[in-house]
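Here is the structure we will look at, set down as structure tokens.
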Amino acid sequence: MTLTVSSINKSYGKLEILKDVSLSVPAGARVGIIGPNGAGKSTLFAVIGGSVQPDSGSIVLEDKTLTDMRPQARAELGLVRTFQVARPFQHLTVRDNLIVAAANQYGQTLIGTLVGGARVRREQDAIRERVEELLKFLKLDKVADNLAGRLSGGQRKLLELGRALMVKPSLILLDEPFAGVNPVLFGEISERIVELNQKGIGFLVIEHNIQALSRIVSEMYVLVQGSVLAHGAPDEVLAIQEVQHAYMGGAL
Amino acid sequence: MLTMYFNLVVNGIVLGLVIGLAALALTLVYAVARFPNAATGDMITVGAYAGIGVQVLGSRNTLLQGSAAIAACTILSMAYYWFVFRYLRGRGMVALLLTSIGLALFTRGILSFFAGHEQFVFQIPLVEPYVIYGVIIQASDLWLAVVALLSVVATFAILFLTPIGRRMRAVADNRDLARASGIRAESVMIPLWGIVGAVSAIAGIILGIKTVVMPETGWLLLLPSFTAMILGGLGSPIGAVLAGIALGVAQEVASPFVGFTYKIAVSFLVLLVLLIVRPQGLFGSLEEVR
Amino acid sequence: MLSYLLAILIIVGVYTLLTQCLNLHYGFMGLINFGVVGFFAIGAYTSALIAIAGYPILLGVLGAIVLASLSAWPLGVLATRLREDYLAIVTLGFAEVVRIVVTSESWLTNGVQGLPGIPQPFSSLGPNAQGLAFLGIVLACNLAVLALIMRLAHGPFGRLVEAIRDDEVAASALGKYPTGPRIQIFMIGAGIAGLAGALYGHYISYIVPDQFVPIVTFYVWMAMIMGGVGSLPGSFIGAAILIGLFEGTRFIDDAFPGSIGVEMASLRLVFIGLALVLFMRFRPQGIMGTRMQS
């Protein structure tokens, strides 16, 4: 499903965080956003994810306007986000983190949990089956019974990705998938993303680490001081002098 | 008819000042310690009983009674901090709130054990009331209002004009920043709890003179005071006092319609409407609210 | 002696129900309910009035559960929007308003005189047999509530609640609505307190507004803290300690009119207040040793 973000503006008081930001993620594409600290990347994700309301502009997924929807409704339509600092459910095990995330569980309703009987049992069995597969896919099966709060940074990122996958999304917003991750795991995470993409899931990725990002995306937006400065294939974008200047003081 | 309402308004202002003082005591603690101090109500009761104690010993001098109340409450309040709250820093709102409830019950239990459950009344000399266009203003009400206002002014003077007040506000604003500039939060706590005690004492004396003194006197004031604190914008001393006055007037003016017993319910209703419509209070900012 | 023991056990059972209510609200869902006594009172008065009007006691008890739950609905809705300390204040105020209503609306509740002659079940049996049968009912109610809470806590629903409590933002991003479970749990817990009220009224057979003062709520908090927050066996242990060591006398007094001095009531306040302070300071995890959530 194609995500179209048009002319988003967002200010806090006099501080303009996002200025007329537009971007689009074609169905099944891998798109990246780079930009220096304070460029407004995370605010943009919050706006797309629905936890922050934009002052103006629109967010459309395929043919549905999401702009006024709550985060939950967006997730139900297949748009799921992760967080810059991973937010696992600390008091649940890794396995339960994944189980709880599955969408539309009858067992999670009051009626279902009290009198759901066989229907809930079947549903939960099916979810557990998916979870076991996913644990192996993400190489989290060895820590499946650990409390999620005890995971390493990289494992948290993987768990968050897994949780998003449990929702069966068509587009995942990844907020800095490599931040706080042991570089040894970079390849691991990149591979998983590419594999998932081949199954048809689109990705919009914020990342600070340009090298790691350019390996997984085919298209890139550069966000500087709340505006889109450039847009194109990673090589093209990184070759632009302004980008080099804005991003790293020219030292790219 | 109209004069009846004016009389209710006058009465409401005096009771509202009491609510405002109680809300001020709540707000001061909230600003630095971040919990609603449920022991405030019973601290007010202690103030009222201290005054009654002086009267029982034979002095009808209100000034003497008030001084005894202030002394008792200031010491008790500082003791609460020193022996109890000091050890609970960083333990979360629920622990502090439950502890303050515990202190409230403890205090009331001690008071009622020694003073019993019967009601006491302050014996104040009867003075011809002023009558202005049919509105009756008791001389005592006038004096009580003046005393209440003076104590509010004094509190603000301490908060805004003295070095210790400046340090208190710095800690309330941002504990870490205050620490970074060399102000230890602990250093302002003792004087702050002292002020809270003194303010409560004055509220207790005024309330005692206006109504009757019994073990539940202060506890019953708690709900309107909480409401005034939130109405005034959490952590805003001026807002708390103004909201208290507004609430006192609202309660009194509403009483002919809803009946005497439902007076407390009035502030609950205000609280509900407020939390639904404007949870940040009338003078507050949104950031405090989830 | 047997009747004395039965009376104590029945009151312990009623308090265990109340403690289970609070454990569901606070221990399980993190809702600070300072108005337990309000739901307790609604349950007691509803069931008493229905039974006094001549309808079956069972209908009264059901009515108590339903009305207590319904009265919790607006508070539950508010709870989803409020900071936790505000909810504490609002529920405290709610319980006070309930008490004012039952005190003032004499046409319905007989005001401060209270409701005497609330029908008791099994009245055809002898006193001890009746007490025993009543104890059986109280026990059955406690077990049913225990089963209900276990079911809620240890299934997909419980997992969802844990996730919401851990990180509401992350749960929302995954499509989970935190409001539904909060309101539902608040209402279910209130229903449990209503049930406790109904049982209390039918056992004591005489209720007055003074039995529903705010301190009752804090007795329940004390029982929960002593037993350990979130520990269901702890609910019973906490309630048993509270009643057994200390409260029994007063409720026996309610049940079999006689009098214990006002000093006793004051000492009780001192004791409960001191215990609350000391537990919070030295052993917030309770006797059973679970972690206190804040």
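All residue names refer to the structure tokens as shown: chains lettered A, B, ... in order, residues numbered from 1 in each chain, ligands numbered from 1 in order.
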Report task. May I have the residues within 12 Å of segment 171-176 of chain B as a PyMOL selection string, using only C-alpha atoms and disregarding those fewer than 2 positions away in the same chain? Result -> chain B and resi 27-34+159+164-169+178-189+192+234-237
Only N, CA and C atoms, please: the residues just picked out, written as a short mmCIF file (atom, residue, chain, number, x, y, z; two decimals), in the first residue's frame.
data_model
loop_
_atom_site.label_atom_id
_atom_site.label_comp_id
_atom_site.auth_asym_id
_atom_site.auth_seq_id
_atom_site.Cartn_x
_atom_site.Cartn_y
_atom_site.Cartn_z
N THR B 27 -0.72 22.95 47.86
CA THR B 27 0.04 23.31 46.67
C THR B 27 1.53 23.43 46.95
N LEU B 28 1.86 24.02 48.10
CA LEU B 28 3.28 24.19 48.43
C LEU B 28 3.96 22.84 48.52
N VAL B 29 3.30 21.89 49.18
CA VAL B 29 3.89 20.55 49.28
C VAL B 29 3.94 19.90 47.90
N TYR B 30 2.85 20.06 47.15
CA TYR B 30 2.82 19.44 45.82
C TYR B 30 3.96 19.95 44.96
N ALA B 31 4.20 21.26 45.04
CA ALA B 31 5.19 21.87 44.16
C ALA B 31 6.58 21.28 44.37
N VAL B 32 6.94 20.95 45.60
CA VAL B 32 8.29 20.43 45.82
C VAL B 32 8.35 18.92 45.99
N ALA B 33 7.25 18.30 46.45
CA ALA B 33 7.32 16.87 46.73
C ALA B 33 6.43 16.03 45.81
N ARG B 34 5.60 16.67 45.00
CA ARG B 34 4.83 15.97 43.97
C ARG B 34 3.85 14.94 44.49
N LEU B 159 7.81 33.63 49.78
CA LEU B 159 8.10 32.90 48.54
C LEU B 159 8.82 33.76 47.51
N ILE B 164 15.31 32.47 50.82
CA ILE B 164 14.85 31.10 51.03
C ILE B 164 13.67 30.79 50.12
N GLY B 165 12.81 31.80 49.92
CA GLY B 165 11.66 31.63 49.03
C GLY B 165 12.12 31.40 47.59
N ARG B 166 13.14 32.16 47.21
CA ARG B 166 13.67 32.00 45.85
C ARG B 166 14.21 30.58 45.67
N ARG B 167 14.87 30.07 46.71
CA ARG B 167 15.39 28.71 46.62
C ARG B 167 14.26 27.68 46.55
N MET B 168 13.21 27.94 47.33
CA MET B 168 12.06 27.02 47.28
C MET B 168 11.47 26.96 45.88
N ARG B 169 11.31 28.14 45.28
CA ARG B 169 10.71 28.16 43.95
C ARG B 169 11.63 27.50 42.94
N ALA B 178 18.05 23.17 40.06
CA ALA B 178 18.34 23.82 41.34
C ALA B 178 19.59 23.21 41.96
N ARG B 179 19.67 21.88 41.90
CA ARG B 179 20.84 21.21 42.46
C ARG B 179 22.10 21.64 41.72
N ALA B 180 21.97 21.74 40.39
CA ALA B 180 23.12 22.14 39.58
C ALA B 180 23.62 23.52 39.97
N SER B 181 22.68 24.39 40.40
CA SER B 181 23.13 25.72 40.80
C SER B 181 23.35 25.79 42.31
N GLY B 182 23.52 24.64 42.93
CA GLY B 182 23.98 24.62 44.31
C GLY B 182 22.90 24.67 45.37
N ILE B 183 21.65 24.47 44.99
CA ILE B 183 20.59 24.48 45.99
C ILE B 183 20.20 23.04 46.28
N ARG B 184 20.42 22.60 47.50
CA ARG B 184 20.00 21.26 47.84
C ARG B 184 18.53 21.28 48.24
N ALA B 185 17.78 20.37 47.64
CA ALA B 185 16.33 20.34 47.89
C ALA B 185 16.06 20.21 49.38
N GLU B 186 16.89 19.42 50.07
CA GLU B 186 16.67 19.17 51.48
C GLU B 186 16.72 20.46 52.30
N SER B 187 17.54 21.40 51.84
CA SER B 187 17.73 22.62 52.64
C SER B 187 16.48 23.49 52.67
N VAL B 188 15.61 23.35 51.68
CA VAL B 188 14.40 24.18 51.71
C VAL B 188 13.23 23.44 52.34
N MET B 189 13.38 22.14 52.56
CA MET B 189 12.24 21.34 52.99
C MET B 189 11.74 21.70 54.39
N LEU B 192 10.00 24.97 54.42
CA LEU B 192 8.78 24.85 53.64
C LEU B 192 7.68 24.13 54.43
N LEU B 234 -2.34 23.15 39.22
CA LEU B 234 -1.50 22.44 40.17
C LEU B 234 -0.17 23.16 40.37
N GLY B 235 0.18 23.42 41.61
CA GLY B 235 1.47 24.01 41.88
C GLY B 235 1.49 25.53 41.79
N SER B 236 0.32 26.15 41.58
CA SER B 236 0.29 27.62 41.53
C SER B 236 -0.31 28.16 42.82
N PRO B 237 0.51 28.78 43.68
CA PRO B 237 0.01 29.25 44.98
C PRO B 237 -1.10 30.30 44.84
#
**Report entry** For segment 47-63 of chain B: contacts at 12 Å, only C-alpha atoms, fewer than 6 positions along chain excluded, given as a ChimeraX atom specification
**Finding:** /B:22,40-41,69-77,107-108,110-112,114-117,119-125,140,143-144,147,196-218
Query raised in the report: Which polymer residues have any atom within 12 Å of an atom of Tyr55 of chain C, counting only C-alpha atoms, with same-chain residues fewer than 6 positions away left out, as an NGL selection string?
Result: :C and (46-49 or 61-63 or 118-119)
Those same residues - C-alpha atoms - I'd like them written as a short mmCIF file (atom, residue, chain, number, x, y, z; two decimals), in the first residue's frame.
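Final output, saved to selection-v7.cif:
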data_model
loop_
_atom_site.label_atom_id
_atom_site.label_comp_id
_atom_site.auth_asym_id
_atom_site.auth_seq_id
_atom_site.Cartn_x
_atom_site.Cartn_y
_atom_site.Cartn_z
CA THR C 46 -29.22 -1.61 47.12
CA SER C 47 -29.51 -5.19 48.28
CA ALA C 48 -31.03 -4.18 51.60
CA LEU C 49 -33.69 -1.98 49.98
CA VAL C 61 -27.50 -9.23 45.71
CA LEU C 62 -27.59 -9.22 41.92
CA GLY C 63 -29.00 -5.71 41.97
CA ILE C 118 -32.63 -6.35 56.57
CA PRO C 119 -33.77 -9.89 55.73
#
**Report entry** Neighbours of chain B in chain C at 7 Å, counting only C-alpha atoms, as a PyMOL selection string
**Finding:** chain C and resi 82-83+93+97+100+104+263+266-267+269-270+273-274+276-277+280-281+294
Could you save those same residues with N, CA and C atoms as a compact mmCIF listing (two decimals), in the first residue's frame?
# COMPACT_ATOMS: atom_id res chain seq x y z
N LEU C 82 -7.35 10.46 33.34
CA LEU C 82 -6.78 11.22 34.46
C LEU C 82 -5.43 10.72 34.90
N ARG C 83 -4.65 11.63 35.46
CA ARG C 83 -3.44 11.24 36.17
C ARG C 83 -3.86 10.42 37.36
N GLY C 93 -13.70 11.49 46.67
CA GLY C 93 -14.86 12.38 46.65
C GLY C 93 -16.13 11.62 46.33
N VAL C 97 -19.57 11.48 48.50
CA VAL C 97 -20.88 11.88 47.98
C VAL C 97 -21.89 10.75 48.18
N ILE C 100 -22.99 11.04 51.66
CA ILE C 100 -23.89 12.18 51.86
C ILE C 100 -25.28 11.84 51.33
N SER C 104 -28.64 11.86 53.47
CA SER C 104 -29.63 12.92 53.25
C SER C 104 -30.95 12.43 52.69
N GLU C 263 -13.00 5.81 72.95
CA GLU C 263 -11.54 5.74 72.98
C GLU C 263 -11.03 4.64 72.08
N SER C 266 -10.83 5.77 68.61
CA SER C 266 -9.68 6.64 68.40
C SER C 266 -8.39 5.84 68.32
N LEU C 267 -8.27 4.87 69.21
CA LEU C 267 -7.05 4.05 69.21
C LEU C 267 -6.93 3.28 67.90
N LEU C 269 -7.93 4.32 65.02
CA LEU C 269 -7.41 5.28 64.04
C LEU C 269 -5.89 5.41 64.19
N VAL C 270 -5.46 5.56 65.42
CA VAL C 270 -4.03 5.71 65.68
C VAL C 270 -3.29 4.50 65.15
N GLY C 273 -3.40 4.23 61.27
CA GLY C 273 -2.57 5.28 60.68
C GLY C 273 -1.09 4.96 60.83
N LEU C 274 -0.72 4.56 62.03
CA LEU C 274 0.67 4.25 62.31
C LEU C 274 1.13 3.05 61.46
N LEU C 276 -0.05 2.08 58.61
CA LEU C 276 0.08 2.50 57.21
C LEU C 276 1.42 3.19 57.00
N VAL C 277 1.75 4.13 57.89
CA VAL C 277 3.01 4.86 57.77
C VAL C 277 4.20 3.90 57.85
N MET C 280 4.50 1.59 54.78
CA MET C 280 4.99 2.29 53.59
C MET C 280 6.48 2.59 53.72
N ARG C 281 6.89 2.85 54.94
CA ARG C 281 8.29 3.21 55.14
C ARG C 281 9.19 1.98 55.12
N SER C 294 4.30 1.63 41.72
CA SER C 294 3.98 3.04 42.01
C SER C 294 3.64 3.79 40.75
Query - Contact residues around Leu223 of chain A with only C-alpha atoms at 8 Å, ignoring same-chain residues under 5 positions, as a PyMOL selection string - result: chain A and resi 33-36+39-41+228-230
Could the residues in this selection be written to a file with N, CA and C atoms, as a PDB file, in the first residue's frame?
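So the final result, stored in selection_16.pdb, reads:
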ATOM      1  N   ILE A  33      14.931   7.930   5.580  1.00  0.00           N
ATOM      2  CA  ILE A  33      14.979   9.366   5.889  1.00  0.00           C
ATOM      3  C   ILE A  33      16.243   9.604   6.682  1.00  0.00           C
ATOM      4  N   ILE A  34      17.087  10.530   6.209  1.00  0.00           N
ATOM      5  CA  ILE A  34      18.236  10.910   7.014  1.00  0.00           C
ATOM      6  C   ILE A  34      18.134  12.383   7.358  1.00  0.00           C
ATOM      7  N   GLY A  35      18.924  12.778   8.303  1.00  0.00           N
ATOM      8  CA  GLY A  35      18.906  14.185   8.696  1.00  0.00           C
ATOM      9  C   GLY A  35      19.634  14.337  10.001  1.00  0.00           C
ATOM     10  N   PRO A  36      20.201  15.523  10.251  1.00  0.00           N
ATOM     11  CA  PRO A  36      20.923  15.729  11.513  1.00  0.00           C
ATOM     12  C   PRO A  36      19.968  15.724  12.704  1.00  0.00           C
ATOM     13  N   ALA A  39      16.334  17.550  13.232  1.00  0.00           N
ATOM     14  CA  ALA A  39      15.776  17.879  11.921  1.00  0.00           C
ATOM     15  C   ALA A  39      14.270  17.674  11.892  1.00  0.00           C
ATOM     16  N   GLY A  40      13.740  16.942  12.885  1.00  0.00           N
ATOM     17  CA  GLY A  40      12.297  16.698  12.931  1.00  0.00           C
ATOM     18  C   GLY A  40      11.904  15.297  12.506  1.00  0.00           C
ATOM     19  N   LYS A  41      12.900  14.396  12.409  1.00  0.00           N
ATOM     20  CA  LYS A  41      12.611  13.038  11.923  1.00  0.00           C
ATOM     21  C   LYS A  41      11.636  12.311  12.843  1.00  0.00           C
ATOM     22  N   VAL A 228      12.213  19.061   3.663  1.00  0.00           N
ATOM     23  CA  VAL A 228      12.873  18.081   2.808  1.00  0.00           C
ATOM     24  C   VAL A 228      13.872  18.821   1.922  1.00  0.00           C
ATOM     25  N   LEU A 229      15.148  18.473   2.089  1.00  0.00           N
ATOM     26  CA  LEU A 229      16.196  19.172   1.351  1.00  0.00           C
ATOM     27  C   LEU A 229      16.468  18.491   0.024  1.00  0.00           C
ATOM     28  N   ALA A 230      16.404  17.174   0.026  1.00  0.00           N
ATOM     29  CA  ALA A 230      16.682  16.441  -1.203  1.00  0.00           C
ATOM     30  C   ALA A 230      15.993  15.103  -1.149  1.00  0.00           C
TER      31      ALA A 230
END
Query raised in the report: Neighbours of Ile127 of chain A within 12 Å (only C-alpha atoms; same-chain residues fewer than 5 positions away dropped), as a PyMOL selection string?
Result: (chain A and resi 95-107+120-122+132-134+166-168) or (chain C and resi 156)
**Report entry** Atomic separation - atom CA of Gln120 of chain C relative to atom CA of Val102 of chain C, Å
**Finding:**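 Distance reported for this atom pair: 21.3 Å.
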Per residue of chain C within 7 Å of chain A, note the shortest atom pair and the distance in Å to one decimal, counting only C-alpha atoms, and order the rows by chain and increasing residue number, as a Markdown table.
| residue | atom | partner | partner_atom | distance |
| --- | --- | --- | --- | --- |
| C:Arg151 | CA | A:Leu114 | CA | 6.8 |
| C:Leu152 | CA | A:Thr113 | CA | 6.7 |
| C:Gly155 | CA | A:Thr113 | CA | 6.8 |
| C:Pro156 | CA | A:Gln108 | CA | 5.1 |
| C:Phe157 | CA | A:Gln108 | CA | 4.2 |
| C:Arg159 | CA | A:Val100 | CA | 6.3 |
| C:Leu160 | CA | A:Val100 | CA | 6.0 |
| C:Ala163 | CA | A:Phe89 | CA | 5.5 |
| C:Asp166 | CA | A:Phe89 | CA | 5.4 |
| C:Asp167 | CA | A:Phe89 | CA | 6.3 |
| C:Ala170 | CA | A:Arg87 | CA | 6.4 |
| C:Ser172 | CA | A:Gln72 | CA | 5.4 |
| C:Ala173 | CA | A:Pro71 | CA | 5.4 |
| C:Leu174 | CA | A:Ala75 | CA | 5.8 |
| C:Gly175 | CA | A:Gln72 | CA | 3.7 |
| C:Lys176 | CA | A:Gln72 | CA | 6.0 |
| C:Tyr177 | CA | A:Gln72 | CA | 6.8 |
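Across segment 17-239 of chain B, DSSP run on the backbone finds strand (DSSP E or B) at Phe120, Tyr130, Val131, Ile132, Val135, Ile136, Ile137 and Val213 of chain B.
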Requested in this report: Please provide the set of residues having any atom within 8 Å of Asn146 of chain A, restricted to only C-alpha atoms, with same-chain residues fewer than 5 positions apart removed, written as a list in words.
Outcome: Thr93, Val94 and Leu151 of chain A
Residue subset to file, keeping C-alpha atoms, as a PDB file, in the first residue's frame:
ATOM      1  CA  THR A  93       8.741 -12.391  28.389  1.00  0.00           C
ATOM      2  CA  VAL A  94      10.056 -12.023  24.868  1.00  0.00           C
ATOM      3  CA  LEU A 151      17.472  -7.884  26.436  1.00  0.00           C
TER       4      LEU A 151
END
Query raised in the report: Could you write out, as a ChimeraX atom specification, all the residues of segment 38-230 of chain A that DSSP marks as alpha helix (DSSP H)?
Result: /A:41-49,71-76,94-101,110-115,117-137,153-166,186-198,210-216
